[in-house]
Amino acid sequence: MKTTTKLSIALPALLVALPACSSGERPEEPLGTTSQRVTSSDLSAVPASPVAGCPLNSPGGKIRHIIYVQFDNVHFTRDNPNVPSDLEQQSNLLDFITGNGTLLDHHHTPLISHTSNDILTSLTGVYPSSQGQAVANAYGFFPLPGTSTELDGFESSFEYWTDIVNAKTDPAFNMVTADGMNAPAPWVPYVRAGCNVGAVSTANMEFENITSDVTNVFGANSPEAAEAKSNKAQATADFEGISVHCAAGDAVCSSTNGGEPDVLPQEPGGYSGFSGLFGHKFVAPVISPGAPLVDLDGNVITDGNGHIGFPGFGPITASQSLGYVAAMQEHGIPITFAYISDAHDDPATELASGPGQADYVARLAAYNKAWGEFFARLKQDGITPDNTLFVITADEGDHFAGGPPSPANCDGVHVPCTYDKIGEVDINTTTLIDQVDPNLASTPFDIHFDMAPAFLIQGNPAVGSPLAREFERATAALTAVSPITGNTDKLTRYMADPVELKTLHMITGDPQRTPNFVMFANPDYFFQTSGAPVQEDPGFAWNHGGVDPKINRTWLGLVGPGVRHGGIDSAVWSDHTDIRPTMLVLAGLTDDYAHDGRALVEELESGALPAAVRSDDAAFRLLAATYKQITAPVGELGLKTLEVSTTALAGDDATYAKLEGQIAALTTKRDALAGKMIQKLEDAEFHNQHIDLLSTLPLIAEAEALLVEVRGLGQ
């Protein structure tokens with residue numbers, strides 16, 4: 001959820017070894033509703049219905065709508081081999097994807113692996129180093145630098161696209177490129193093409209708060225700012241979570257409807273003459289004229305406390321989010337981006353639920369029902385896979401921190417599961433580090449509370465300095481006795497200081513966001529700087545952010561014109577940066593910047609491929625696959641250098657200097673080579689420059705040599 005604080009990454013061998021699914025069985029009917037199931041034949045029966053005002057340049061001109069949905073922590077693989085997975089229990093969605101397109105289950109996150117990081121990487125097609133969220137956690141915090149006498153604390157990375165971090169201490173954009181500019185916004189190519197773009201709870205495309213976001217767009221002396229001060233609850237429902245970015249001059253975002261200038265001061269290629277609607281208060285009357293906006297079940301959308309408006313980032317359900325999307329699509333907003341919260345946290349009790357637990361299963365059944373209602377409603381509107389690109393994914397997976405279920409053979413369908421032990425184990429990091437090395441007790445430090453805490457040491461000691469090294473060695477030695485298993489666990493799995501963080505694309509264009517080092521921990525544990533040294537927390541049982549295959553390996557569904565009907569594809573290796581270029585290739589649009597990802601041409605029909613790719617798609621595929629393994633944070637190179645970095649930070653100074661030097665030299669070579677490779681891929685995808693095997697073989701050979709070199713690091 002957006003309101004949790006957990007993080008995690010992935011173990012190299014297991015990233016490749018995870019099965020497509022623990023079982024081929026589908027959940028029994030009580031998990032869904034047969035009356036709401038929508039089959040491929042049902043959907044294809046409705047003819048394409050072009051929508052005026054959205055002139056995309058898709059192959060054959062077939063794509064007239066785009067519907068993008070990103071879940072929070074929703075799993076395709078099973079967390080318990082007996083319990084159908086989250087997607088299996090949403091059979092209306094799973095059948096829609098596999099029956100009409102392709103589901104990639106060898107899909108991966110960046111690092112750190114958390115909601116803000118992962119959604120923004122998916123939206124932009126670039127790693128966190130180029131959009132500013134490299135060490136953001138689920139609350140979206142990154143550290144500001146310490147001074148000689150005090151630590152400055154944390155700021156939120158969930159903010160509107162053009163917000164700055166802090167006017168006094170760090171006047172950089174929250175969304176910042178590697179060269180310090182405001183990151184290009186994901187809606188720009190669409191509105192430039194003449195399409196209105198809606199956002200539902202999607203990171204930073206709409207307001208994330210009623211303080212800086214409201215004053216940034218409406219102004220400090222606006223009625224909206226006054227409401228935010230006088231009635232915070234209503235202002236939150238009115239202004240957070242919902243937005244529309246309009247094509248130039250479109251009436252949807254007119255001043256009559258409450259439209260405000262849509263300002264992107266540093267957008268590549270310029271951006272002027274555009275307007276937007278910000279908040280449920282202004283969007284709802286446009287997409288639900290004459291009546292309050294309702295979810296798919298006909299319930300007025302509220303915050304749960306009597307305020308009509310946005311229901312909140314954490315609790316927003318499938319019925320609510322998809323209700324917004326359907327209404328937008330029906331009222332002149334044919335490009336929509338939406339977020340749906342996870343199903344394994346109970347918003348009523350604020351406690352976590354384990355696989356197969358009754359309330360968890362009930363929420364997934366409600367989600368399944370919502371998908372059935374959604375697809376049926378779209379069908380009535382003439383919005384089908386014949387004319388609509390559907391992109392559906394999850395920000396990350398997560399690791400269940402808890403004991404075994406009872407009874408042992410429970411499946412959640414016929415026999416509910418219960419748990420005596422559930423909840424991640426909270427660690428007071430300050431206490432444990434002081435126990436390992438009492439000399440450090442006199443030096444304050446801060447972390448962002450997480451499974452993958454980023455450390456900020458008072459005075460911001462230099463990379464490799466004695467103080468930084470002492471903290472790194474102490475952190476590497478941390479252990480705790482688990483209250484779940486009774487075992488003594490090593491807490492640190494991986495560590496990275498700025499040398500390895502650069503390799504992992506975690507150094508941003510704002511130097512104040514660079515921590516002294518990051519610890520990627522045992523996924524059962526969560527780190528803070530207060531409370532008991534070790535204690536179980538039943539409020540959170542699904543940990544993410546660090547390195548673990550259940551966290552870093554997720555899934556991506558593609559359906560629509562130009563997408564092949566491939567069912568489940570476990571062979572193609574992809575990550576979140578690949579979503580953006582794939583969408584743009586299918587839509588016939590381009591960005592004004594280079595992506596870190598590549599188009600997933602393996603999942604596209606031949607007629608949908610750019611001509612330059614189609615001329616030798618084998619060469620493109622080979623180059624793209626090799627490129628991903630040297631550049632993706634959880635590709636082969638990234639995971640191997642992370643292992644070496646961990647050895648370096650835990651070792652003596654001589655070992656540290658040797659290994660860090662090797663990582664730095666290899667990263668320099670990797671960056672130069674990756675730049676050449678992505679240039680070729682982008683030229684073929686977007687600039688009609690042919691790619692052929694003869695010209696790509698030297699680059700592929702160089703990349704393979706680099707992988708051989710990284711396999712030998714530390715030996």
# chains A, B, ... in the order shown; residues from 1 in each chain; ligands from 1
>>> residues_around(residues="Ala183 in chain A", least_positions_apart="4", cutoff="10 Å", atoms="only C-alpha atoms", output="ChimeraX atom specification")
/A:124,126,130-132,161-162,173-179,264,266-268,593
>>> write_last_selection(atoms="N, CA and C atoms", output="PDB file, in the first residue's frame")
ATOM      1  N   THR A 124       7.589   6.319 -16.569  1.00  0.00           N
ATOM      2  CA  THR A 124       8.564   7.118 -17.312  1.00  0.00           C
ATOM      3  C   THR A 124       9.452   6.305 -18.240  1.00  0.00           C
ATOM      4  N   VAL A 126      12.302   5.131 -17.304  1.00  0.00           N
ATOM      5  CA  VAL A 126      13.687   5.348 -16.881  1.00  0.00           C
ATOM      6  C   VAL A 126      13.841   4.918 -15.433  1.00  0.00           C
ATOM      7  N   SER A 130      17.081   8.702 -13.042  1.00  0.00           N
ATOM      8  CA  SER A 130      16.634   9.722 -13.996  1.00  0.00           C
ATOM      9  C   SER A 130      15.259  10.282 -13.681  1.00  0.00           C
ATOM     10  N   GLN A 131      14.667   9.881 -12.553  1.00  0.00           N
ATOM     11  CA  GLN A 131      13.405  10.505 -12.148  1.00  0.00           C
ATOM     12  C   GLN A 131      13.369  10.825 -10.662  1.00  0.00           C
ATOM     13  N   GLY A 132      14.467  10.523  -9.940  1.00  0.00           N
ATOM     14  CA  GLY A 132      14.648  11.124  -8.627  1.00  0.00           C
ATOM     15  C   GLY A 132      14.205  10.337  -7.425  1.00  0.00           C
ATOM     16  N   TRP A 161       3.974  16.382  -9.742  1.00  0.00           N
ATOM     17  CA  TRP A 161       5.135  16.299 -10.628  1.00  0.00           C
ATOM     18  C   TRP A 161       6.063  17.506 -10.554  1.00  0.00           C
ATOM     19  N   THR A 162       5.542  18.682 -10.348  1.00  0.00           N
ATOM     20  CA  THR A 162       6.379  19.885 -10.398  1.00  0.00           C
ATOM     21  C   THR A 162       6.710  20.449  -9.020  1.00  0.00           C
ATOM     22  N   PHE A 173      13.637  19.885  -7.813  1.00  0.00           N
ATOM     23  CA  PHE A 173      12.358  19.246  -8.096  1.00  0.00           C
ATOM     24  C   PHE A 173      12.313  17.879  -7.439  1.00  0.00           C
ATOM     25  N   ASN A 174      11.134  17.534  -6.925  1.00  0.00           N
ATOM     26  CA  ASN A 174      10.947  16.192  -6.401  1.00  0.00           C
ATOM     27  C   ASN A 174      11.159  15.158  -7.503  1.00  0.00           C
ATOM     28  N   MET A 175      10.593  15.412  -8.670  1.00  0.00           N
ATOM     29  CA  MET A 175      10.820  14.578  -9.847  1.00  0.00           C
ATOM     30  C   MET A 175      11.959  15.214 -10.631  1.00  0.00           C
ATOM     31  N   VAL A 176      13.146  14.614 -10.547  1.00  0.00           N
ATOM     32  CA  VAL A 176      14.342  15.267 -11.067  1.00  0.00           C
ATOM     33  C   VAL A 176      15.142  14.300 -11.934  1.00  0.00           C
ATOM     34  N   THR A 177      15.683  14.804 -13.048  1.00  0.00           N
ATOM     35  CA  THR A 177      16.503  13.989 -13.930  1.00  0.00           C
ATOM     36  C   THR A 177      17.929  13.905 -13.401  1.00  0.00           C
ATOM     37  N   ALA A 178      18.739  13.107 -14.066  1.00  0.00           N
ATOM     38  CA  ALA A 178      20.127  12.934 -13.648  1.00  0.00           C
ATOM     39  C   ALA A 178      20.914  14.231 -13.735  1.00  0.00           C
ATOM     40  N   ASP A 179      20.486  15.158 -14.601  1.00  0.00           N
ATOM     41  CA  ASP A 179      21.180  16.443 -14.715  1.00  0.00           C
ATOM     42  C   ASP A 179      20.470  17.558 -13.951  1.00  0.00           C
ATOM     43  N   LEU A 264       4.462  22.723 -16.913  1.00  0.00           N
ATOM     44  CA  LEU A 264       5.671  21.900 -16.805  1.00  0.00           C
ATOM     45  C   LEU A 264       6.832  22.775 -17.266  1.00  0.00           C
ATOM     46  N   GLN A 266      10.051  22.809 -17.345  1.00  0.00           N
ATOM     47  CA  GLN A 266      11.287  22.355 -17.980  1.00  0.00           C
ATOM     48  C   GLN A 266      11.066  21.155 -18.894  1.00  0.00           C
ATOM     49  N   GLU A 267       9.853  21.002 -19.398  1.00  0.00           N
ATOM     50  CA  GLU A 267       9.562  19.863 -20.264  1.00  0.00           C
ATOM     51  C   GLU A 267      10.362  19.955 -21.560  1.00  0.00           C
ATOM     52  N   PRO A 268      11.072  18.876 -21.934  1.00  0.00           N
ATOM     53  CA  PRO A 268      11.812  18.900 -23.204  1.00  0.00           C
ATOM     54  C   PRO A 268      10.873  19.195 -24.377  1.00  0.00           C
ATOM     55  N   TYR A 593      12.875  12.185 -24.837  1.00  0.00           N
ATOM     56  CA  TYR A 593      14.035  11.747 -24.071  1.00  0.00           C
ATOM     57  C   TYR A 593      14.253  10.267 -24.332  1.00  0.00           C
TER      58      TYR A 593
END
>>> select_by_dssp(residues="range 449-689 of chain A", states="strand (DSSP E or B)", output="MDAnalysis selection string")
chainID A and resid 450 454:457 479:481 488:490 492:496 517:521 525:528 534:537 542:543 547 553:559 563 567:569 574:575 604
>>> closest_residue(among="A:Gly402, A:Pro438, A:Pro466, A:Pro416", to="Phe540 in chain A", atoms="only C-alpha atoms")
A:Gly402
>>> closest_residue(among="A:Val634, A:Ile507, A:Ile287, A:Leu87", to="His576 in chain A", atoms="only C-alpha atoms")
A:Val634
>>> residues_around(residues="Ile242 in chain A", least_positions_apart="5", cutoff="8 Å", atoms="only C-alpha atoms", output="ChimeraX atom specification")
/A:198-201,206-207,278-280,283,310
>>> select_by_dssp(residues="range 146-363 of chain A", states="alpha helix (DSSP H)", output="PyMOL selection string")
chain A and resi 188-192+212-217+223-230+232-239+280-287+318-330+358-363
>>> residues_around(residues="Leu706 in chain A", least_positions_apart="3", cutoff="9 Å", atoms="only C-alpha atoms", output="compact mmCIF listing (two decimals) with N, CA and C atoms, in the first residue's frame")
# COMPACT_ATOMS: atom_id res chain seq x y z
N ILE A 630 22.80 -6.34 -18.62
CA ILE A 630 23.90 -5.51 -18.12
C ILE A 630 23.42 -4.22 -17.48
N LEU A 637 24.26 -8.46 -14.15
CA LEU A 637 25.36 -7.59 -13.73
C LEU A 637 25.03 -6.88 -12.42
N LEU A 666 34.08 -1.21 -13.76
CA LEU A 666 33.13 -1.97 -14.55
C LEU A 666 31.89 -1.14 -14.86
N LYS A 669 32.49 1.20 -17.77
CA LYS A 669 32.42 0.49 -19.05
C LYS A 669 30.98 0.12 -19.38
N ARG A 670 30.23 -0.33 -18.37
CA ARG A 670 28.84 -0.69 -18.60
C ARG A 670 28.03 0.49 -19.10
N ALA A 701 28.80 -8.91 -28.27
CA ALA A 701 30.03 -9.55 -27.82
C ALA A 701 30.67 -8.77 -26.68
N GLU A 702 30.64 -7.45 -26.78
CA GLU A 702 31.21 -6.62 -25.72
C GLU A 702 30.42 -6.78 -24.42
N ALA A 703 29.09 -6.87 -24.54
CA ALA A 703 28.27 -7.07 -23.35
C ALA A 703 28.53 -8.44 -22.72
N GLU A 709 33.39 -10.73 -17.18
CA GLU A 709 34.22 -9.98 -16.24
C GLU A 709 33.54 -9.85 -14.88
N VAL A 710 32.24 -9.55 -14.88
CA VAL A 710 31.56 -9.36 -13.60
C VAL A 710 31.45 -10.67 -12.84
N ARG A 711 31.35 -11.79 -13.55
CA ARG A 711 31.30 -13.09 -12.87
C ARG A 711 32.60 -13.39 -12.14
>>> residues_around(residues="range 423-428 of chain A", least_positions_apart="6", cutoff="9 Å", atoms="only C-alpha atoms", output="VMD selection string")
chain A and resid 351 to 353 400 to 403 480 482 to 484 523 to 543
>>> closest_residue(among="A:Gly270, A:Gly712, A:Pro698, A:Gly607", to="Pro561 in chain A", atoms="only C-alpha atoms")
A:Gly607
>>> closest_residue(among="A:Gly306, A:Gly412, A:Gly323, A:Pro511", to="Val294 in chain A", atoms="only C-alpha atoms")
A:Gly323
>>> residues_around(residues="Gly597 in chain A", least_positions_apart="6", cutoff="10 Å", atoms="only C-alpha atoms", output="PDB file with N, CA and C atoms, in the first residue's frame")
ATOM      1  N   THR A 121       8.939   4.444 -12.245  1.00  0.00           N
ATOM      2  CA  THR A 121       9.775   3.802 -13.254  1.00  0.00           C
ATOM      3  C   THR A 121       8.919   3.278 -14.393  1.00  0.00           C
ATOM      4  N   SER A 122       7.775   2.682 -14.059  1.00  0.00           N
ATOM      5  CA  SER A 122       6.871   2.170 -15.084  1.00  0.00           C
ATOM      6  C   SER A 122       6.309   3.292 -15.952  1.00  0.00           C
ATOM      7  N   THR A 124       7.589   6.319 -16.569  1.00  0.00           N
ATOM      8  CA  THR A 124       8.564   7.118 -17.312  1.00  0.00           C
ATOM      9  C   THR A 124       9.452   6.305 -18.240  1.00  0.00           C
ATOM     10  N   GLY A 125       9.650   5.027 -17.937  1.00  0.00           N
ATOM     11  CA  GLY A 125      10.564   4.221 -18.733  1.00  0.00           C
ATOM     12  C   GLY A 125      12.021   4.448 -18.412  1.00  0.00           C
ATOM     13  N   VAL A 126      12.302   5.131 -17.304  1.00  0.00           N
ATOM     14  CA  VAL A 126      13.687   5.348 -16.881  1.00  0.00           C
ATOM     15  C   VAL A 126      13.841   4.918 -15.433  1.00  0.00           C
ATOM     16  N   TYR A 127      15.067   4.539 -15.079  1.00  0.00           N
ATOM     17  CA  TYR A 127      15.347   4.101 -13.714  1.00  0.00           C
ATOM     18  C   TYR A 127      15.328   5.288 -12.752  1.00  0.00           C
ATOM     19  N   SER A 574      11.963  -8.998 -18.594  1.00  0.00           N
ATOM     20  CA  SER A 574      11.630  -7.579 -18.745  1.00  0.00           C
ATOM     21  C   SER A 574      11.617  -6.919 -17.388  1.00  0.00           C
ATOM     22  N   ASP A 575      11.617  -5.600 -17.382  1.00  0.00           N
ATOM     23  CA  ASP A 575      11.397  -4.873 -16.132  1.00  0.00           C
ATOM     24  C   ASP A 575      10.539  -3.653 -16.401  1.00  0.00           C
ATOM     25  N   HIS A 576      10.282  -2.886 -15.340  1.00  0.00           N
ATOM     26  CA  HIS A 576       9.313  -1.795 -15.441  1.00  0.00           C
ATOM     27  C   HIS A 576       9.693  -0.735 -16.470  1.00  0.00           C
ATOM     28  N   THR A 577      10.974  -0.553 -16.759  1.00  0.00           N
ATOM     29  CA  THR A 577      11.342   0.466 -17.752  1.00  0.00           C
ATOM     30  C   THR A 577      10.869   0.099 -19.148  1.00  0.00           C
ATOM     31  N   ASP A 578      10.551  -1.165 -19.393  1.00  0.00           N
ATOM     32  CA  ASP A 578      10.150  -1.601 -20.728  1.00  0.00           C
ATOM     33  C   ASP A 578       8.689  -1.291 -21.043  1.00  0.00           C
ATOM     34  N   ILE A 579       7.907  -0.949 -20.024  1.00  0.00           N
ATOM     35  CA  ILE A 579       6.480  -0.715 -20.251  1.00  0.00           C
ATOM     36  C   ILE A 579       6.262   0.529 -21.105  1.00  0.00           C
ATOM     37  N   ARG A 580       6.917   1.614 -20.752  1.00  0.00           N
ATOM     38  CA  ARG A 580       6.716   2.888 -21.455  1.00  0.00           C
ATOM     39  C   ARG A 580       7.038   2.798 -22.953  1.00  0.00           C
ATOM     40  N   PRO A 581       8.237   2.349 -23.350  1.00  0.00           N
ATOM     41  CA  PRO A 581       8.502   2.296 -24.791  1.00  0.00           C
ATOM     42  C   PRO A 581       7.580   1.335 -25.528  1.00  0.00           C
ATOM     43  N   THR A 582       7.147   0.259 -24.875  1.00  0.00           N
ATOM     44  CA  THR A 582       6.211  -0.664 -25.528  1.00  0.00           C
ATOM     45  C   THR A 582       4.883   0.026 -25.803  1.00  0.00           C
ATOM     46  N   ALA A 624      18.436  -6.462 -27.404  1.00  0.00           N
ATOM     47  CA  ALA A 624      17.628  -6.013 -26.270  1.00  0.00           C
ATOM     48  C   ALA A 624      17.798  -6.934 -25.067  1.00  0.00           C
ATOM     49  N   TYR A 627      21.202  -6.360 -23.535  1.00  0.00           N
ATOM     50  CA  TYR A 627      21.208  -5.034 -22.910  1.00  0.00           C
ATOM     51  C   TYR A 627      20.587  -5.076 -21.518  1.00  0.00           C
ATOM     52  N   LYS A 628      19.438  -5.763 -21.383  1.00  0.00           N
ATOM     53  CA  LYS A 628      18.760  -5.788 -20.091  1.00  0.00           C
ATOM     54  C   LYS A 628      19.628  -6.435 -19.012  1.00  0.00           C
ATOM     55  N   THR A 631      22.172  -3.850 -17.723  1.00  0.00           N
ATOM     56  CA  THR A 631      21.733  -2.541 -17.213  1.00  0.00           C
ATOM     57  C   THR A 631      20.652  -2.611 -16.148  1.00  0.00           C
ATOM     58  N   ALA A 632      19.802  -3.633 -16.150  1.00  0.00           N
ATOM     59  CA  ALA A 632      18.716  -3.705 -15.173  1.00  0.00           C
ATOM     60  C   ALA A 632      19.270  -3.930 -13.770  1.00  0.00           C
ATOM     61  N   ILE A 678      21.254   1.159 -26.125  1.00  0.00           N
ATOM     62  CA  ILE A 678      19.909   1.727 -26.070  1.00  0.00           C
ATOM     63  C   ILE A 678      19.699   2.732 -27.189  1.00  0.00           C
ATOM     64  N   LEU A 681      18.601   0.668 -30.081  1.00  0.00           N
ATOM     65  CA  LEU A 681      17.250   0.176 -29.870  1.00  0.00           C
ATOM     66  C   LEU A 681      16.225   1.293 -30.054  1.00  0.00           C
ATOM     67  N   GLU A 682      16.496   2.455 -29.478  1.00  0.00           N
ATOM     68  CA  GLU A 682      15.559   3.587 -29.610  1.00  0.00           C
ATOM     69  C   GLU A 682      15.488   4.089 -31.050  1.00  0.00           C
TER      70      GLU A 682
END
>>> atom_distance(atom1="CA of Ala226 in chain A", atom2="CA of Ile210 in chain A")
10.4 Å
>>> closest_residue(among="A:Asp345, A:Asp72, A:Glu350, A:Asp489", to="Ile119 in chain A", atoms="only C-alpha atoms")
A:Asp72
>>> atom_distance(atom1="CA of Cys410 in chain A", atom2="CA of Pro84 in chain A")
10.8 Å
>>> closest_residue(among="A:Ala441, A:Ala665, A:Asn409, A:Asp617", to="Thr696 in chain A", atoms="only C-alpha atoms")
A:Asp617
>>> residues_around(residues="Asp434 in chain A", least_positions_apart="4", cutoff="12 Å", atoms="only C-alpha atoms", output="number ranges by chain")
A: 428-430, 438-445, 470-471, 474-475, 477-478, 529, 533
>>> decode(residues="range 397-421 of chain A", atoms="N, CA and C atoms", output="PDB file, in the first residue's frame")
ATOM      1  N   GLY A 397       6.119  -7.329  -5.974  1.00  0.00           N
ATOM      2  CA  GLY A 397       5.569  -8.357  -5.116  1.00  0.00           C
ATOM      3  C   GLY A 397       5.983  -8.052  -3.686  1.00  0.00           C
ATOM      4  N   ASP A 398       5.718  -8.977  -2.780  1.00  0.00           N
ATOM      5  CA  ASP A 398       6.230  -8.809  -1.434  1.00  0.00           C
ATOM      6  C   ASP A 398       6.339 -10.166  -0.747  1.00  0.00           C
ATOM      7  N   HIS A 399       7.093 -10.163   0.327  1.00  0.00           N
ATOM      8  CA  HIS A 399       7.416 -11.373   1.076  1.00  0.00           C
ATOM      9  C   HIS A 399       6.510 -11.457   2.296  1.00  0.00           C
ATOM     10  N   PHE A 400       5.846 -12.600   2.466  1.00  0.00           N
ATOM     11  CA  PHE A 400       4.989 -12.777   3.625  1.00  0.00           C
ATOM     12  C   PHE A 400       5.839 -13.102   4.843  1.00  0.00           C
ATOM     13  N   ALA A 401       5.753 -12.250   5.857  1.00  0.00           N
ATOM     14  CA  ALA A 401       6.479 -12.447   7.107  1.00  0.00           C
ATOM     15  C   ALA A 401       5.509 -13.013   8.130  1.00  0.00           C
ATOM     16  N   GLY A 402       5.589 -14.303   8.353  1.00  0.00           N
ATOM     17  CA  GLY A 402       4.682 -14.941   9.293  1.00  0.00           C
ATOM     18  C   GLY A 402       4.966 -16.423   9.395  1.00  0.00           C
ATOM     19  N   GLY A 403       4.300 -17.055  10.318  1.00  0.00           N
ATOM     20  CA  GLY A 403       4.468 -18.474  10.517  1.00  0.00           C
ATOM     21  C   GLY A 403       3.592 -19.291   9.591  1.00  0.00           C
ATOM     22  N   PRO A 404       3.552 -20.612   9.798  1.00  0.00           N
ATOM     23  CA  PRO A 404       2.742 -21.481   8.942  1.00  0.00           C
ATOM     24  C   PRO A 404       1.262 -21.302   9.219  1.00  0.00           C
ATOM     25  N   PRO A 405       0.415 -21.651   8.231  1.00  0.00           N
ATOM     26  CA  PRO A 405      -1.033 -21.513   8.422  1.00  0.00           C
ATOM     27  C   PRO A 405      -1.601 -22.686   9.196  1.00  0.00           C
ATOM     28  N   SER A 406      -2.805 -22.471   9.674  1.00  0.00           N
ATOM     29  CA  SER A 406      -3.552 -23.542  10.332  1.00  0.00           C
ATOM     30  C   SER A 406      -4.958 -23.577   9.730  1.00  0.00           C
ATOM     31  N   PRO A 407      -5.451 -24.778   9.352  1.00  0.00           N
ATOM     32  CA  PRO A 407      -4.739 -26.053   9.292  1.00  0.00           C
ATOM     33  C   PRO A 407      -3.703 -26.059   8.171  1.00  0.00           C
ATOM     34  N   ALA A 408      -2.790 -26.982   8.218  1.00  0.00           N
ATOM     35  CA  ALA A 408      -1.666 -26.989   7.281  1.00  0.00           C
ATOM     36  C   ALA A 408      -2.115 -27.142   5.837  1.00  0.00           C
ATOM     37  N   ASN A 409      -3.256 -27.805   5.613  1.00  0.00           N
ATOM     38  CA  ASN A 409      -3.729 -28.045   4.245  1.00  0.00           C
ATOM     39  C   ASN A 409      -4.770 -27.033   3.790  1.00  0.00           C
ATOM     40  N   CYS A 410      -4.915 -25.924   4.491  1.00  0.00           N
ATOM     41  CA  CYS A 410      -5.931 -24.933   4.116  1.00  0.00           C
ATOM     42  C   CYS A 410      -5.646 -24.392   2.722  1.00  0.00           C
ATOM     43  N   ASP A 411      -6.725 -24.062   2.009  1.00  0.00           N
ATOM     44  CA  ASP A 411      -6.561 -23.502   0.660  1.00  0.00           C
ATOM     45  C   ASP A 411      -7.243 -22.138   0.517  1.00  0.00           C
ATOM     46  N   GLY A 412      -7.893 -21.665   1.554  1.00  0.00           N
ATOM     47  CA  GLY A 412      -8.566 -20.378   1.506  1.00  0.00           C
ATOM     48  C   GLY A 412      -9.881 -20.401   0.767  1.00  0.00           C
ATOM     49  N   VAL A 413     -10.102 -21.416  -0.075  1.00  0.00           N
ATOM     50  CA  VAL A 413     -11.321 -21.508  -0.873  1.00  0.00           C
ATOM     51  C   VAL A 413     -12.370 -22.323  -0.126  1.00  0.00           C
ATOM     52  N   HIS A 414     -11.978 -23.553   0.226  1.00  0.00           N
ATOM     53  CA  HIS A 414     -12.883 -24.420   0.974  1.00  0.00           C
ATOM     54  C   HIS A 414     -12.581 -24.402   2.469  1.00  0.00           C
ATOM     55  N   VAL A 415     -11.314 -24.213   2.786  1.00  0.00           N
ATOM     56  CA  VAL A 415     -10.879 -24.210   4.178  1.00  0.00           C
ATOM     57  C   VAL A 415     -10.079 -22.933   4.435  1.00  0.00           C
ATOM     58  N   PRO A 416     -10.618 -21.974   5.199  1.00  0.00           N
ATOM     59  CA  PRO A 416      -9.878 -20.732   5.468  1.00  0.00           C
ATOM     60  C   PRO A 416      -8.603 -21.016   6.264  1.00  0.00           C
ATOM     61  N   CYS A 417      -7.615 -20.174   6.038  1.00  0.00           N
ATOM     62  CA  CYS A 417      -6.354 -20.266   6.773  1.00  0.00           C
ATOM     63  C   CYS A 417      -6.374 -19.267   7.937  1.00  0.00           C
ATOM     64  N   THR A 418      -5.754 -19.649   9.022  1.00  0.00           N
ATOM     65  CA  THR A 418      -5.511 -18.725  10.129  1.00  0.00           C
ATOM     66  C   THR A 418      -4.037 -18.804  10.499  1.00  0.00           C
ATOM     67  N   TYR A 419      -3.563 -17.790  11.227  1.00  0.00           N
ATOM     68  CA  TYR A 419      -2.137 -17.698  11.533  1.00  0.00           C
ATOM     69  C   TYR A 419      -1.939 -17.312  12.990  1.00  0.00           C
ATOM     70  N   ASP A 420      -1.163 -18.134  13.717  1.00  0.00           N
ATOM     71  CA  ASP A 420      -0.793 -17.790  15.087  1.00  0.00           C
ATOM     72  C   ASP A 420       0.308 -16.746  15.107  1.00  0.00           C
ATOM     73  N   LYS A 421       1.221 -16.839  14.129  1.00  0.00           N
ATOM     74  CA  LYS A 421       2.332 -15.891  14.020  1.00  0.00           C
ATOM     75  C   LYS A 421       2.204 -15.134  12.709  1.00  0.00           C
TER      76      LYS A 421
END
